[in-house]
Structures are given as structure tokens and as C-alpha cells.
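Visitor: Handing over structure31.pdb, PDB, C-alpha atoms and all ligand atoms.
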```
ATOM      1  CA  MET A  29      34.421  42.270 177.396  1.00  0.00           C
ATOM      2  CA  ALA A  30      35.394  43.857 174.104  1.00  0.00           C
ATOM      3  CA  ASP A  31      37.819  46.730 174.188  1.00  0.00           C
ATOM      4  CA  GLN A  32      36.093  50.013 173.504  1.00  0.00           C
ATOM      5  CA  LYS A  33      39.346  51.920 174.014  1.00  0.00           C
ATOM      6  CA  LEU A  34      40.723  50.804 170.667  1.00  0.00           C
ATOM      7  CA  VAL A  35      37.648  52.056 168.850  1.00  0.00           C
ATOM      8  CA  VAL A  36      37.911  55.376 170.679  1.00  0.00           C
ATOM      9  CA  SER A  37      41.565  55.632 169.708  1.00  0.00           C
ATOM     10  CA  TRP A  38      40.822  54.890 166.034  1.00  0.00           C
ATOM     11  CA  LEU A  39      37.941  57.345 165.969  1.00  0.00           C
ATOM     12  CA  ASN A  40      40.309  59.960 167.362  1.00  0.00           C
ATOM     13  CA  ASP A  41      42.785  59.148 164.598  1.00  0.00           C
ATOM     14  CA  ALA A  42      40.024  59.482 162.006  1.00  0.00           C
ATOM     15  CA  TYR A  43      38.915  62.790 163.495  1.00  0.00           C
ATOM     16  CA  ALA A  44      42.462  64.155 163.338  1.00  0.00           C
ATOM     17  CA  LEU A  45      42.937  62.855 159.792  1.00  0.00           C
ATOM     18  CA  GLU A  46      39.691  64.440 158.532  1.00  0.00           C
ATOM     19  CA  ASN A  47      40.656  67.768 160.063  1.00  0.00           C
ATOM     20  CA  GLY A  48      44.165  67.606 158.574  1.00  0.00           C
ATOM     21  CA  ILE A  49      42.648  66.875 155.166  1.00  0.00           C
ATOM     22  CA  ALA A  50      40.128  69.718 155.482  1.00  0.00           C
ATOM     23  CA  GLU A  51      42.956  72.135 156.182  1.00  0.00           C
ATOM     24  CA  ALA A  52      44.871  70.992 153.114  1.00  0.00           C
ATOM     25  CA  LEU A  53      41.784  71.022 150.863  1.00  0.00           C
ATOM     26  CA  GLU A  54      41.106  74.664 151.765  1.00  0.00           C
ATOM     27  CA  LYS A  55      44.468  75.484 150.148  1.00  0.00           C
ATOM     28  CA  GLN A  56      43.839  73.233 147.149  1.00  0.00           C
ATOM     29  CA  VAL A  57      40.552  75.009 146.403  1.00  0.00           C
ATOM     30  CA  ALA A  58      42.477  78.249 145.987  1.00  0.00           C
ATOM     31  CA  VAL A  59      45.176  76.704 143.789  1.00  0.00           C
ATOM     32  CA  ALA A  60      42.574  75.093 141.476  1.00  0.00           C
ATOM     33  CA  ALA A  61      41.008  78.459 140.590  1.00  0.00           C
ATOM     34  CA  ASP A  62      41.911  78.033 136.883  1.00  0.00           C
ATOM     35  CA  HIS A  63      40.127  74.686 136.720  1.00  0.00           C
ATOM     36  CA  PRO A  64      36.506  75.333 137.746  1.00  0.00           C
ATOM     37  CA  ALA A  65      35.335  71.723 137.416  1.00  0.00           C
ATOM     38  CA  VAL A  66      38.245  70.429 139.476  1.00  0.00           C
ATOM     39  CA  GLN A  67      37.828  73.261 141.947  1.00  0.00           C
ATOM     40  CA  SER A  68      34.164  72.481 142.546  1.00  0.00           C
ATOM     41  CA  GLY A  69      35.081  68.818 143.039  1.00  0.00           C
ATOM     42  CA  ILE A  70      37.667  69.777 145.638  1.00  0.00           C
ATOM     43  CA  GLN A  71      35.104  72.070 147.263  1.00  0.00           C
ATOM     44  CA  ARG A  72      32.661  69.154 147.497  1.00  0.00           C
ATOM     45  CA  HIS A  73      35.432  67.031 148.975  1.00  0.00           C
ATOM     46  CA  LEU A  74      36.140  69.739 151.537  1.00  0.00           C
ATOM     47  CA  GLU A  75      32.489  69.972 152.575  1.00  0.00           C
ATOM     48  CA  ALA A  76      32.231  66.181 152.851  1.00  0.00           C
ATOM     49  CA  THR A  77      35.439  66.079 154.898  1.00  0.00           C
ATOM     50  CA  LYS A  78      34.049  68.614 157.371  1.00  0.00           C
ATOM     51  CA  ARG A  79      30.862  66.550 157.665  1.00  0.00           C
ATOM     52  CA  HIS A  80      32.948  63.439 158.281  1.00  0.00           C
ATOM     53  CA  ALA A  81      34.824  65.127 161.120  1.00  0.00           C
ATOM     54  CA  GLU A  82      31.480  66.081 162.710  1.00  0.00           C
ATOM     55  CA  THR A  83      30.110  62.563 162.282  1.00  0.00           C
ATOM     56  CA  VAL A  84      33.219  61.040 163.863  1.00  0.00           C
ATOM     57  CA  LYS A  85      32.927  63.509 166.749  1.00  0.00           C
ATOM     58  CA  THR A  86      29.324  62.368 167.285  1.00  0.00           C
ATOM     59  CA  CYS A  87      30.512  58.741 167.300  1.00  0.00           C
ATOM     60  CA  LEU A  88      33.041  59.597 170.009  1.00  0.00           C
ATOM     61  CA  GLU A  89      30.322  61.307 172.033  1.00  0.00           C
ATOM     62  CA  GLN A  90      28.150  58.204 171.753  1.00  0.00           C
ATOM     63  CA  LEU A  91      30.971  56.362 173.515  1.00  0.00           C
ATOM     64  CA  GLY A  92      31.127  59.015 176.217  1.00  0.00           C
ATOM     65  CA  GLU A  93      34.270  60.586 174.787  1.00  0.00           C
ATOM     66  CA  SER A  94      35.240  63.748 172.964  1.00  0.00           C
ATOM     67  CA  PRO A  95      37.994  64.278 170.376  1.00  0.00           C
ATOM     68  CA  SER A  96      41.328  64.163 172.167  1.00  0.00           C
ATOM     69  CA  GLY A  97      42.914  67.045 170.270  1.00  0.00           C
ATOM     70  CA  VAL A  98      46.183  65.173 170.361  1.00  0.00           C
ATOM     71  CA  LYS A  99      48.173  65.439 167.135  1.00  0.00           C
ATOM     72  CA  THR A 100      48.315  61.824 166.129  1.00  0.00           C
ATOM     73  CA  THR A 101      50.326  60.153 163.407  1.00  0.00           C
ATOM     74  CA  MET A 102      47.192  60.195 161.282  1.00  0.00           C
ATOM     75  CA  ALA A 103      46.821  63.955 161.559  1.00  0.00           C
ATOM     76  CA  THR A 104      50.444  64.382 160.609  1.00  0.00           C
ATOM     77  CA  LEU A 105      49.834  62.149 157.619  1.00  0.00           C
ATOM     78  CA  GLY A 106      46.829  64.214 156.557  1.00  0.00           C
ATOM     79  CA  ALA A 107      48.788  67.422 156.789  1.00  0.00           C
ATOM     80  CA  LYS A 108      52.052  66.124 155.354  1.00  0.00           C
ATOM     81  CA  VAL A 109      50.767  64.515 152.231  1.00  0.00           C
ATOM     82  CA  HIS A 110      49.070  67.754 151.334  1.00  0.00           C
ATOM     83  CA  GLY A 111      51.786  70.039 152.574  1.00  0.00           C
ATOM     84  CA  LEU A 112      53.349  70.524 149.176  1.00  0.00           C
ATOM     85  CA  THR A 113      54.583  73.738 147.676  1.00  0.00           C
ATOM     86  CA  MET A 114      51.486  75.170 146.149  1.00  0.00           C
ATOM     87  CA  GLY A 115      50.648  77.510 143.340  1.00  0.00           C
ATOM     88  CA  ALA A 116      54.093  77.457 141.743  1.00  0.00           C
ATOM     89  CA  ALA A 117      54.373  74.407 139.513  1.00  0.00           C
ATOM     90  CA  LYS A 118      52.388  73.245 136.496  1.00  0.00           C
ATOM     91  CA  ASP A 119      51.935  69.856 138.101  1.00  0.00           C
ATOM     92  CA  ASP A 120      50.424  71.110 141.375  1.00  0.00           C
ATOM     93  CA  LEU A 121      47.024  69.640 140.540  1.00  0.00           C
ATOM     94  CA  VAL A 122      48.566  66.308 139.572  1.00  0.00           C
ATOM     95  CA  LYS A 123      50.438  66.163 142.873  1.00  0.00           C
ATOM     96  CA  PHE A 124      47.284  67.030 144.773  1.00  0.00           C
ATOM     97  CA  ALA A 125      45.391  64.331 142.905  1.00  0.00           C
ATOM     98  CA  LEU A 126      48.069  61.716 143.650  1.00  0.00           C
ATOM     99  CA  ASN A 127      48.192  62.605 147.315  1.00  0.00           C
ATOM    100  CA  ASP A 128      44.438  62.924 147.692  1.00  0.00           C
ATOM    101  CA  TYR A 129      43.988  59.569 145.996  1.00  0.00           C
ATOM    102  CA  ALA A 130      46.433  57.928 148.417  1.00  0.00           C
ATOM    103  CA  THR A 131      44.798  59.643 151.396  1.00  0.00           C
ATOM    104  CA  GLU A 132      41.328  58.536 150.267  1.00  0.00           C
ATOM    105  CA  HIS A 133      42.526  54.941 150.318  1.00  0.00           C
ATOM    106  CA  MET A 134      43.975  55.384 153.783  1.00  0.00           C
ATOM    107  CA  GLU A 135      40.542  56.648 154.845  1.00  0.00           C
ATOM    108  CA  ILE A 136      38.777  53.785 153.078  1.00  0.00           C
ATOM    109  CA  ALA A 137      40.934  51.251 154.915  1.00  0.00           C
ATOM    110  CA  SER A 138      40.439  53.057 158.247  1.00  0.00           C
ATOM    111  CA  TYR A 139      36.649  53.235 157.986  1.00  0.00           C
ATOM    112  CA  LYS A 140      36.443  49.612 156.872  1.00  0.00           C
ATOM    113  CA  ALA A 141      38.409  48.663 159.988  1.00  0.00           C
ATOM    114  CA  MET A 142      36.224  50.852 162.206  1.00  0.00           C
ATOM    115  CA  ILE A 143      33.018  49.322 160.834  1.00  0.00           C
ATOM    116  CA  VAL A 144      34.213  45.884 161.913  1.00  0.00           C
ATOM    117  CA  ALA A 145      35.472  47.196 165.250  1.00  0.00           C
ATOM    118  CA  ALA A 146      32.222  49.032 166.018  1.00  0.00           C
ATOM    119  CA  GLN A 147      30.225  45.890 165.206  1.00  0.00           C
ATOM    120  CA  GLU A 148      32.501  43.900 167.489  1.00  0.00           C
ATOM    121  CA  ILE A 149      31.711  46.134 170.464  1.00  0.00           C
ATOM    122  CA  GLY A 150      27.984  46.151 169.671  1.00  0.00           C
ATOM    123  CA  GLN A 151      27.857  49.756 168.391  1.00  0.00           C
ATOM    124  CA  ALA A 152      25.671  49.320 165.328  1.00  0.00           C
ATOM    125  CA  GLU A 153      24.973  53.031 165.050  1.00  0.00           C
ATOM    126  CA  ILE A 154      28.667  53.884 164.906  1.00  0.00           C
ATOM    127  CA  ALA A 155      29.216  51.117 162.349  1.00  0.00           C
ATOM    128  CA  ALA A 156      26.428  52.630 160.227  1.00  0.00           C
ATOM    129  CA  ALA A 157      27.897  56.138 160.526  1.00  0.00           C
ATOM    130  CA  CYS A 158      31.296  54.817 159.399  1.00  0.00           C
ATOM    131  CA  GLN A 159      29.609  53.000 156.523  1.00  0.00           C
ATOM    132  CA  GLY A 160      28.069  56.288 155.376  1.00  0.00           C
ATOM    133  CA  ILE A 161      31.472  57.995 155.448  1.00  0.00           C
ATOM    134  CA  LEU A 162      33.040  55.028 153.654  1.00  0.00           C
ATOM    135  CA  SER A 163      30.587  55.440 150.742  1.00  0.00           C
ATOM    136  CA  ASP A 164      31.650  59.093 150.397  1.00  0.00           C
ATOM    137  CA  GLU A 165      35.341  58.146 150.440  1.00  0.00           C
ATOM    138  CA  VAL A 166      34.859  55.484 147.769  1.00  0.00           C
ATOM    139  CA  ALA A 167      32.984  57.989 145.580  1.00  0.00           C
ATOM    140  CA  MET A 168      35.713  60.599 146.071  1.00  0.00           C
ATOM    141  CA  ALA A 169      38.476  58.130 145.187  1.00  0.00           C
ATOM    142  CA  ALA A 170      36.575  57.263 141.992  1.00  0.00           C
ATOM    143  CA  TRP A 171      36.191  60.946 141.114  1.00  0.00           C
ATOM    144  CA  LEU A 172      39.923  61.543 141.616  1.00  0.00           C
ATOM    145  CA  ASP A 173      40.669  58.510 139.466  1.00  0.00           C
ATOM    146  CA  GLU A 174      38.562  60.032 136.675  1.00  0.00           C
ATOM    147  CA  GLN A 175      40.267  63.428 136.918  1.00  0.00           C
ATOM    148  CA  MET A 176      43.851  62.239 136.827  1.00  0.00           C
ATOM    149  CA  PRO A 177      44.382  61.431 133.114  1.00  0.00           C
ATOM    150  CA  ALA A 178      43.310  64.904 131.945  1.00  0.00           C
ATOM    151  CA  LEU A 179      45.352  66.638 134.644  1.00  0.00           C
ATOM    152  CA  VAL A 180      48.431  64.578 133.802  1.00  0.00           C
ATOM    153  CA  ARG A 181      48.058  65.232 130.056  1.00  0.00           C
ATOM    154  CA  GLU A 182      47.687  68.952 130.644  1.00  0.00           C
ATOM    155  CA  ALA A 183      50.745  69.104 132.908  1.00  0.00           C
ATOM    156  CA  VAL A 184      52.854  67.196 130.387  1.00  0.00           C
ATOM    157  CA  GLN A 185      51.675  69.367 127.485  1.00  0.00           C
ATOM    158  CA  GLN A 186      52.544  72.512 129.395  1.00  0.00           C
ATOM    159  CA  GLY A 187      56.082  71.266 129.945  1.00  0.00           C
ATOM    160  CA  GLU A 188      58.577  72.503 132.474  1.00  0.00           C
ATOM    161  CA  THR A 189      57.914  75.518 134.639  1.00  0.00           C
TER     162      THR A 189
HETATM  163 FE    FE A 201      36.725  61.794 154.845  1.00  0.00          FE
END
```
Translate this structure into C-alpha cells?

Guide:
Amino acid sequence: MADQKLVVSWLNDAYALENGIAEALEKQVAVAADHPAVQSGIQRHLEATKRHAETVKTCLEQLGESPSGVKTTMATLGAKVHGLTMGAAKDDLVKFALNDYATEHMEIASYKAMIVAAQEIGQAEIAAACQGILSDEVAMAAWLDEQMPALVREAVQQGET
């Protein structure tokens, strides 16, 4: 019998990570006020992240579980990588982009793993839900990749704070 507990544990990690990211993105939206295009991208990311948390919660419920609420390593990661001093330095947006890009790839790896795991325990619906989230994460990583050169150039041109 395949082990459903592992999938539950990973879904809980993903839930905590999405919530940690949502918290950090709320702050980034405010800091990006001078860059409307970037700000609306971050806003979209925030909305998607909230949807992901809800989707993951539904997946847990399908397995007869609910989010554990335990602060896992993943949640700490989500919060830490974004927990930078904000609004003070010219390179804030570059640092956000670097951290968000890294976090997106952590999410991509996690959802890829969960797709396989869900298939292994015969939960096709959960695998499909994770696949949907994965597509969003891949798109967000690509968007961040596109934004970075301009943000880096701007920060360098502005010089030291
Ligand atoms: Fe996400």
C-alpha cells in the first residue's frame, strides 16, 4: 500500500510555503509602487499564490486532512527569503526578483515531485491540481526572468544609496 502520509506532509509544506510567499508579496507590492508594471506583476503573483494555497488546501481535504498549521521548514523558507529590509535601498526590487526567482524554482521542484507522488497513490485529481499550479509557477519564473535585466540596469545606474 502506497504511503499517503508523505503526500499529506508535502502538501502541508506547499500550503505553508504558499502562505509565507503571499505574506511577503503583500509587502513587495507596496515597495514596487514606483514601478507600475512590476507592481501589477507582483500583484498577479500574489493573487495566484493565494489561489495556490486554496487549491492545496482542497487537495488535503480530498485526502481527509486539513492544513496542519505547523510552521514547517518550507514556511520559514518562504518567509525568510522575502524577509529583507524593504523600501530603503535602490536594489530592493532586484533582491526581490532574485529571491522570488529562487522561490519559484523551489515551488516548481516541489509541485513536480507532488505530481509524481499523487500519481503513485492513485490521486489523479490531486496530480492534475498540482499540474495546474506548476504551469503558473513556470510562467511566473519566466516573467521574473524577463524583468531582471531592466531592474538590474536601473539599480546600477542609480548607484549607491
Ligand atoms: Fe505558488

Visitor: If we count only C-alpha atoms, what is near stretch 87-93 of chain A at a cut-off of 8 Å, once residues fewer than 5 positions away on the same chain are taken out, given as number ranges by chain?

Guide: A: 36, 39-40, 154, 157

Visitor: Using only C-alpha atoms, please write the residues we just selected to a file, as a PDB file, in the frame of the given file.

Guide:
```pdb
ATOM      1  CA  VAL A  36      37.911  55.376 170.679  1.00  0.00           C
ATOM      2  CA  LEU A  39      37.941  57.345 165.969  1.00  0.00           C
ATOM      3  CA  ASN A  40      40.309  59.960 167.362  1.00  0.00           C
ATOM      4  CA  ILE A 154      28.667  53.884 164.906  1.00  0.00           C
ATOM      5  CA  ALA A 157      27.897  56.138 160.526  1.00  0.00           C
TER       6      ALA A 157
END
```

Visitor: Given the choices A:Ile70, A:Ala76, A:Leu121, A:Cys158, which gets closest to ligand FE 201 (chain A) if the distance is worked out from only C-alpha atoms and all ligand atoms?

Guide: A:Ala76

Visitor: Would you translate the PyMOL selection byres (((not hetatm)) within 12 of (chain A and resi 201)) into the concrete set of residues it matches in this file, as a PyMOL selection string?

Guide: chain A and resi 41-50+53+72-84+106+128-129+131-139+157-169

Visitor: Considering only C-alpha atoms, can you say which of A:Trp38, A:Ile143, A:Ala30, A:Arg181 comes closest to A:Lys85?

Guide: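 Smallest separation from A:Lys85 among the options: A:Trp38.
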
Visitor: Take every atom of stretch 114-128 of chain A listed in the file, pad by 5 Å on each side, and give me the axis-aligned box centre and edge lengths in Å, one decimal, as JSON.

Guide:
```
{"center_x": 49.4, "center_y": 69.6, "center_z": 142.1, "size_x": 19.9, "size_y": 25.8, "size_z": 21.2}
```

Visitor: Running the PyMOL selection byres (((chain A and resi 182-187) around 10) and not hetatm) on this model by hand, what would come out? Give it as a ChimeraX atom specification.

Guide: /A:117-122,176-181,188-189

Visitor: Find the distance between atom CA of A:Trp171 and atom CA of A:Met142 and write it in Å to one decimal.

Guide: 23.4 Å
